[in-house]
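Trainee: Next up is a structure, given as structure tokens.
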Amino acid sequence: GQNIDQPTEMTATEGAIVQINCTYQTSGFNGLFWYQQHAGEAPTFLSYNVLDGLEEKGRFSSFLSRSKGYSYLLLKELQMKDSASYLCAVRQRGSARQLTFGSGTQLTVLP
Amino acid sequence: EPEVTQTPSHQVTQMGQEVILRCVPISNHLYFYWYRQILGQKVEFLVSFYNNEISEKSEIFDDQFSVERPDGSNFTLKIRSTKLEDSAMYFCASTRGREDRELFFGEGSRLTVL
């Protein structure tokens, strides 16, 4: 089976930097994904890591350490619209189900 | 930009009734999925579909559920006899290849069972 852990809630201030951590346990790891989900909406793709290291995309970066089963999503220059749930998800090799999601981290950005 | 479309956006039904949720995946995609999200809970995998058959299904996807691709564009999820606990947001998703970087989600269909 798979197990994905991430904090339930985080709060940060507009303009600041926030790091959302995710730890996972899975066999046949085949990629880690971060999605953003606003309330009542569909998840939208943010980033994908399959090799160790940092992937940067504008204000968002994602890091992966496969040996530690650890990833983080870094959000810089926070904006009010970044208030959302951030979902960590893992893909398992040989599985046709695509992604297994964590419970999500609800980020609140304060003015 | 191509997108996955779902109908209806919201459906209210009585317990025991049949419900069909419809999805039109992106036109050149080959792999199709249904996920659900009960309010306040995590996104959960239901079923994956490729080459006109189910590739994998979760323990949630019991005999009350079925999927179909009746024509070249639609991908449907049927719940035969709805239960209160089926109330959730149902997301359809698609990819072109099995190892694609991005899973494209539709906007979801909210099902409320009374």
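Starting from 1 in every chain, residues are counted up; chains themselves are A, B, ... following the order of the structure tokens, and ligands are numbered from 1 as listed.
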Mind dumping a table of every chain A residue within 12 Å of chain B, with the nearest atom pair and its distance in Å to one decimal, using only C-alpha atoms, sorted by chain and rising number, as JSON lines?

Mentor:
{"residue": "A:Ile4", "atom": "CA", "partner": "B:Lys42", "partner_atom": "CA", "distance": 11.0}
{"residue": "A:Asp5", "atom": "CA", "partner": "B:Lys42", "partner_atom": "CA", "distance": 11.6}
{"residue": "A:Gln6", "atom": "CA", "partner": "B:Lys42", "partner_atom": "CA", "distance": 11.7}
{"residue": "A:Thr8", "atom": "CA", "partner": "B:Gln41", "partner_atom": "CA", "distance": 11.0}
{"residue": "A:Asn30", "atom": "CA", "partner": "B:Glu99", "partner_atom": "CA", "distance": 8.7}
{"residue": "A:Gly31", "atom": "CA", "partner": "B:Arg101", "partner_atom": "CA", "distance": 8.6}
{"residue": "A:Leu32", "atom": "CA", "partner": "B:Arg101", "partner_atom": "CA", "distance": 9.6}
{"residue": "A:Phe33", "atom": "CA", "partner": "B:Arg101", "partner_atom": "CA", "distance": 8.4}
{"residue": "A:Trp34", "atom": "CA", "partner": "B:Glu102", "partner_atom": "CA", "distance": 10.1}
{"residue": "A:Tyr35", "atom": "CA", "partner": "B:Glu102", "partner_atom": "CA", "distance": 9.8}
{"residue": "A:Gln36", "atom": "CA", "partner": "B:Phe105", "partner_atom": "CA", "distance": 11.8}
{"residue": "A:Gln37", "atom": "CA", "partner": "B:Val43", "partner_atom": "CA", "distance": 10.4}
{"residue": "A:His38", "atom": "CA", "partner": "B:Glu107", "partner_atom": "CA", "distance": 11.3}
{"residue": "A:Ala39", "atom": "CA", "partner": "B:Gly40", "partner_atom": "CA", "distance": 9.5}
{"residue": "A:Gly40", "atom": "CA", "partner": "B:Met89", "partner_atom": "CA", "distance": 8.3}
{"residue": "A:Glu41", "atom": "CA", "partner": "B:Glu107", "partner_atom": "CA", "distance": 6.2}
{"residue": "A:Ala42", "atom": "CA", "partner": "B:Glu107", "partner_atom": "CA", "distance": 5.1}
{"residue": "A:Pro43", "atom": "CA", "partner": "B:Phe105", "partner_atom": "CA", "distance": 6.8}
{"residue": "A:Thr44", "atom": "CA", "partner": "B:Phe105", "partner_atom": "CA", "distance": 7.3}
{"residue": "A:Phe45", "atom": "CA", "partner": "B:Glu102", "partner_atom": "CA", "distance": 6.5}
{"residue": "A:Leu46", "atom": "CA", "partner": "B:Glu102", "partner_atom": "CA", "distance": 8.9}
{"residue": "A:Ser47", "atom": "CA", "partner": "B:Glu102", "partner_atom": "CA", "distance": 8.5}
{"residue": "A:Tyr48", "atom": "CA", "partner": "B:Arg101", "partner_atom": "CA", "distance": 6.5}
{"residue": "A:Asn49", "atom": "CA", "partner": "B:Arg101", "partner_atom": "CA", "distance": 9.0}
{"residue": "A:Val50", "atom": "CA", "partner": "B:Arg101", "partner_atom": "CA", "distance": 9.6}
{"residue": "A:Ser85", "atom": "CA", "partner": "B:Lys42", "partner_atom": "CA", "distance": 10.5}
{"residue": "A:Tyr86", "atom": "CA", "partner": "B:Lys42", "partner_atom": "CA", "distance": 11.0}
{"residue": "A:Leu87", "atom": "CA", "partner": "B:Lys42", "partner_atom": "CA", "distance": 8.6}
{"residue": "A:Cys88", "atom": "CA", "partner": "B:Lys42", "partner_atom": "CA", "distance": 10.4}
{"residue": "A:Ala89", "atom": "CA", "partner": "B:Val43", "partner_atom": "CA", "distance": 9.6}
{"residue": "A:Val90", "atom": "CA", "partner": "B:Arg101", "partner_atom": "CA", "distance": 11.6}
{"residue": "A:Arg91", "atom": "CA", "partner": "B:Glu99", "partner_atom": "CA", "distance": 9.1}
{"residue": "A:Gln92", "atom": "CA", "partner": "B:Glu99", "partner_atom": "CA", "distance": 10.3}
{"residue": "A:Arg93", "atom": "CA", "partner": "B:Glu99", "partner_atom": "CA", "distance": 9.2}
{"residue": "A:Gly94", "atom": "CA", "partner": "B:Arg98", "partner_atom": "CA", "distance": 9.8}
{"residue": "A:Ser95", "atom": "CA", "partner": "B:Glu56", "partner_atom": "CA", "distance": 7.8}
{"residue": "A:Ala96", "atom": "CA", "partner": "B:Glu56", "partner_atom": "CA", "distance": 5.7}
{"residue": "A:Arg97", "atom": "CA", "partner": "B:Ser48", "partner_atom": "CA", "distance": 5.8}
{"residue": "A:Gln98", "atom": "CA", "partner": "B:Arg98", "partner_atom": "CA", "distance": 7.6}
{"residue": "A:Leu99", "atom": "CA", "partner": "B:Phe45", "partner_atom": "CA", "distance": 7.5}
{"residue": "A:Thr100", "atom": "CA", "partner": "B:Phe45", "partner_atom": "CA", "distance": 7.0}
{"residue": "A:Phe101", "atom": "CA", "partner": "B:Val43", "partner_atom": "CA", "distance": 6.0}
{"residue": "A:Gly102", "atom": "CA", "partner": "B:Lys42", "partner_atom": "CA", "distance": 6.5}
{"residue": "A:Ser103", "atom": "CA", "partner": "B:Lys42", "partner_atom": "CA", "distance": 4.6}
{"residue": "A:Gly104", "atom": "CA", "partner": "B:Lys42", "partner_atom": "CA", "distance": 6.9}
{"residue": "A:Thr105", "atom": "CA", "partner": "B:Lys42", "partner_atom": "CA", "distance": 10.4}
{"residue": "A:Gln106", "atom": "CA", "partner": "B:Gly40", "partner_atom": "CA", "distance": 10.5}

Trainee: Could you give me, as a ChimeraX atom specification, the residues within 7 Å of segment 21-29 of chain B, counting only C-alpha atoms and dropping anything in the same chain fewer than 3 positions from it?

Mentor: /B:2-8,73-78,92-96

Trainee: Would you list the contacts of Lys81 of chain A as a list in words, taking every protein, DNA or RNA residue within 10 Å and counting only C-alpha atoms, but skipping same-chain residues closer than 4 positions in sequence?

Mentor: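 Here the qualifying residues turn out to be Glu14, His38, Thr108 and Val109 of chain A.
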
Trainee: What does the structure give for the distance between atom CA of Ile20 of chain B and atom CA of Glu53 of chain B, in Å to one decimal?

Mentor: 18.0 Å

Trainee: Would you pick out the contacts of Asp52 of chain A at 8 Å or less, using only C-alpha atoms, so that residues sharing its chain but fewer than 3 positions from it are not included, and give the list as a short mmCIF file (atom, residue, chain, number, x, y, z; two decimals) with C-alpha atoms, in the first residue's frame?

Mentor:
data_model
loop_
_atom_site.label_atom_id
_atom_site.label_comp_id
_atom_site.auth_asym_id
_atom_site.auth_seq_id
_atom_site.Cartn_x
_atom_site.Cartn_y
_atom_site.Cartn_z
CA ASN A 49 9.33 15.30 -9.72
CA PHE A 63 11.92 19.26 -4.27
CA LEU A 64 12.24 15.51 -4.09
CA SER A 65 14.47 13.13 -2.15
CA ARG A 66 13.62 9.56 -3.11
#

Trainee: Which one is closest to Gly58 of chain A: A:Leu110, A:Ile20, A:Ala84, A:Leu78? Count only C-alpha atoms.

Mentor: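 The closest residue to Gly58 of chain A is A:Leu78.
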
Trainee: Please extract the residues of chain A with a backbone DSSP assignment of strand (DSSP E) and present them as a PyMOL selection string.

Mentor: chain A and resi 3-5+9-13+18-25+29-37+44-49+53-57+60-65+70-75+84-92+99-101+105-110

Trainee: Which residues are close to segment 12-18 of chain B, i.e. within 7 Å by only C-alpha atoms, leaving aside same-chain residues fewer than 4 positions away? Reply as a list in words.

Mentor: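 Surrounding residues, per the criterion: Ile79, Arg80, Ser81, Thr82, Lys83, Leu84, Leu111, Thr112, Val113 and Leu114 of chain B.
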
Trainee: The selected residues should be written to file as a PDB file, in the first residue's frame (atoms: all heavy atoms).

Mentor:
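The resulting part22.pdb:
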ATOM      1  N   ILE B  79     -23.931   4.993 -11.250  1.00  0.00           N
ATOM      2  CA  ILE B  79     -24.152   4.435  -9.916  1.00  0.00           C
ATOM      3  C   ILE B  79     -25.554   3.876  -9.939  1.00  0.00           C
ATOM      4  O   ILE B  79     -26.527   4.622 -10.119  1.00  0.00           O
ATOM      5  CB  ILE B  79     -23.985   5.492  -8.810  1.00  0.00           C
ATOM      6  CG1 ILE B  79     -22.656   6.229  -8.965  1.00  0.00           C
ATOM      7  CG2 ILE B  79     -24.047   4.814  -7.436  1.00  0.00           C
ATOM      8  CD1 ILE B  79     -22.476   7.389  -7.989  1.00  0.00           C
ATOM      9  N   ARG B  80     -25.683   2.585  -9.743  1.00  0.00           N
ATOM     10  CA  ARG B  80     -26.961   1.888  -9.989  1.00  0.00           C
ATOM     11  C   ARG B  80     -28.010   2.234  -8.945  1.00  0.00           C
ATOM     12  O   ARG B  80     -29.140   2.521  -9.277  1.00  0.00           O
ATOM     13  CB  ARG B  80     -26.720   0.380 -10.021  1.00  0.00           C
ATOM     14  CG  ARG B  80     -27.905  -0.435 -10.480  1.00  0.00           C
ATOM     15  CD  ARG B  80     -27.538  -1.892 -10.720  1.00  0.00           C
ATOM     16  NE  ARG B  80     -26.457  -2.028 -11.680  1.00  0.00           N
ATOM     17  CZ  ARG B  80     -25.289  -2.598 -11.402  1.00  0.00           C
ATOM     18  NH1 ARG B  80     -25.041  -3.090 -10.214  1.00  0.00           N
ATOM     19  NH2 ARG B  80     -24.348  -2.688 -12.328  1.00  0.00           N
ATOM     20  N   SER B  81     -27.652   2.215  -7.705  1.00  0.00           N
ATOM     21  CA  SER B  81     -28.604   2.472  -6.619  1.00  0.00           C
ATOM     22  C   SER B  81     -27.877   3.298  -5.567  1.00  0.00           C
ATOM     23  O   SER B  81     -27.130   2.763  -4.744  1.00  0.00           O
ATOM     24  CB  SER B  81     -29.094   1.151  -6.032  1.00  0.00           C
ATOM     25  OG  SER B  81     -29.950   1.375  -4.931  1.00  0.00           O
ATOM     26  N   THR B  82     -28.065   4.613  -5.642  1.00  0.00           N
ATOM     27  CA  THR B  82     -27.249   5.506  -4.829  1.00  0.00           C
ATOM     28  C   THR B  82     -27.525   5.364  -3.338  1.00  0.00           C
ATOM     29  O   THR B  82     -28.656   5.089  -2.911  1.00  0.00           O
ATOM     30  CB  THR B  82     -27.475   6.965  -5.248  1.00  0.00           C
ATOM     31  OG1 THR B  82     -28.887   7.229  -5.268  1.00  0.00           O
ATOM     32  CG2 THR B  82     -26.885   7.247  -6.613  1.00  0.00           C
ATOM     33  N   LYS B  83     -26.469   5.569  -2.567  1.00  0.00           N
ATOM     34  CA  LYS B  83     -26.548   5.576  -1.107  1.00  0.00           C
ATOM     35  C   LYS B  83     -26.163   6.964  -0.617  1.00  0.00           C
ATOM     36  O   LYS B  83     -25.525   7.740  -1.334  1.00  0.00           O
ATOM     37  CB  LYS B  83     -25.593   4.526  -0.522  1.00  0.00           C
ATOM     38  CG  LYS B  83     -25.835   3.119  -1.043  1.00  0.00           C
ATOM     39  CD  LYS B  83     -25.006   2.100  -0.292  1.00  0.00           C
ATOM     40  CE  LYS B  83     -23.552   2.113  -0.676  1.00  0.00           C
ATOM     41  NZ  LYS B  83     -23.340   1.491  -1.997  1.00  0.00           N
ATOM     42  N   LEU B  84     -26.530   7.250   0.624  1.00  0.00           N
ATOM     43  CA  LEU B  84     -26.192   8.565   1.193  1.00  0.00           C
ATOM     44  C   LEU B  84     -24.685   8.831   1.112  1.00  0.00           C
ATOM     45  O   LEU B  84     -24.263   9.955   0.814  1.00  0.00           O
ATOM     46  CB  LEU B  84     -26.656   8.649   2.642  1.00  0.00           C
ATOM     47  CG  LEU B  84     -28.156   8.601   2.881  1.00  0.00           C
ATOM     48  CD1 LEU B  84     -28.457   8.611   4.384  1.00  0.00           C
ATOM     49  CD2 LEU B  84     -28.877   9.761   2.209  1.00  0.00           C
ATOM     50  N   LEU B 111     -22.467  15.359  -6.596  1.00  0.00           N
ATOM     51  CA  LEU B 111     -23.635  14.495  -6.392  1.00  0.00           C
ATOM     52  C   LEU B 111     -24.091  14.608  -4.955  1.00  0.00           C
ATOM     53  O   LEU B 111     -23.293  14.416  -4.026  1.00  0.00           O
ATOM     54  CB  LEU B 111     -23.292  13.041  -6.721  1.00  0.00           C
ATOM     55  CG  LEU B 111     -24.394  12.020  -6.464  1.00  0.00           C
ATOM     56  CD1 LEU B 111     -25.601  12.275  -7.373  1.00  0.00           C
ATOM     57  CD2 LEU B 111     -23.874  10.603  -6.639  1.00  0.00           C
ATOM     58  N   THR B 112     -25.363  14.926  -4.780  1.00  0.00           N
ATOM     59  CA  THR B 112     -25.980  14.980  -3.450  1.00  0.00           C
ATOM     60  C   THR B 112     -27.078  13.937  -3.410  1.00  0.00           C
ATOM     61  O   THR B 112     -28.020  13.985  -4.204  1.00  0.00           O
ATOM     62  CB  THR B 112     -26.551  16.369  -3.173  1.00  0.00           C
ATOM     63  OG1 THR B 112     -25.507  17.342  -3.275  1.00  0.00           O
ATOM     64  CG2 THR B 112     -27.157  16.427  -1.776  1.00  0.00           C
ATOM     65  N   VAL B 113     -26.951  12.992  -2.489  1.00  0.00           N
ATOM     66  CA  VAL B 113     -27.949  11.935  -2.324  1.00  0.00           C
ATOM     67  C   VAL B 113     -28.742  12.218  -1.058  1.00  0.00           C
ATOM     68  O   VAL B 113     -28.167  12.362   0.035  1.00  0.00           O
ATOM     69  CB  VAL B 113     -27.293  10.545  -2.249  1.00  0.00           C
ATOM     70  CG1 VAL B 113     -28.356   9.454  -2.128  1.00  0.00           C
ATOM     71  CG2 VAL B 113     -26.411  10.296  -3.461  1.00  0.00           C
ATOM     72  N   LEU B 114     -30.064  12.328  -1.219  1.00  0.00           N
ATOM     73  CA  LEU B 114     -30.937  12.642  -0.072  1.00  0.00           C
ATOM     74  C   LEU B 114     -31.665  11.406   0.431  1.00  0.00           C
ATOM     75  O   LEU B 114     -31.896  10.466  -0.342  1.00  0.00           O
ATOM     76  CB  LEU B 114     -31.956  13.715  -0.482  1.00  0.00           C
ATOM     77  CG  LEU B 114     -31.358  15.024  -1.015  1.00  0.00           C
ATOM     78  CD1 LEU B 114     -32.471  15.943  -1.477  1.00  0.00           C
ATOM     79  CD2 LEU B 114     -30.531  15.698   0.076  1.00  0.00           C
TER      80      LEU B 114
END
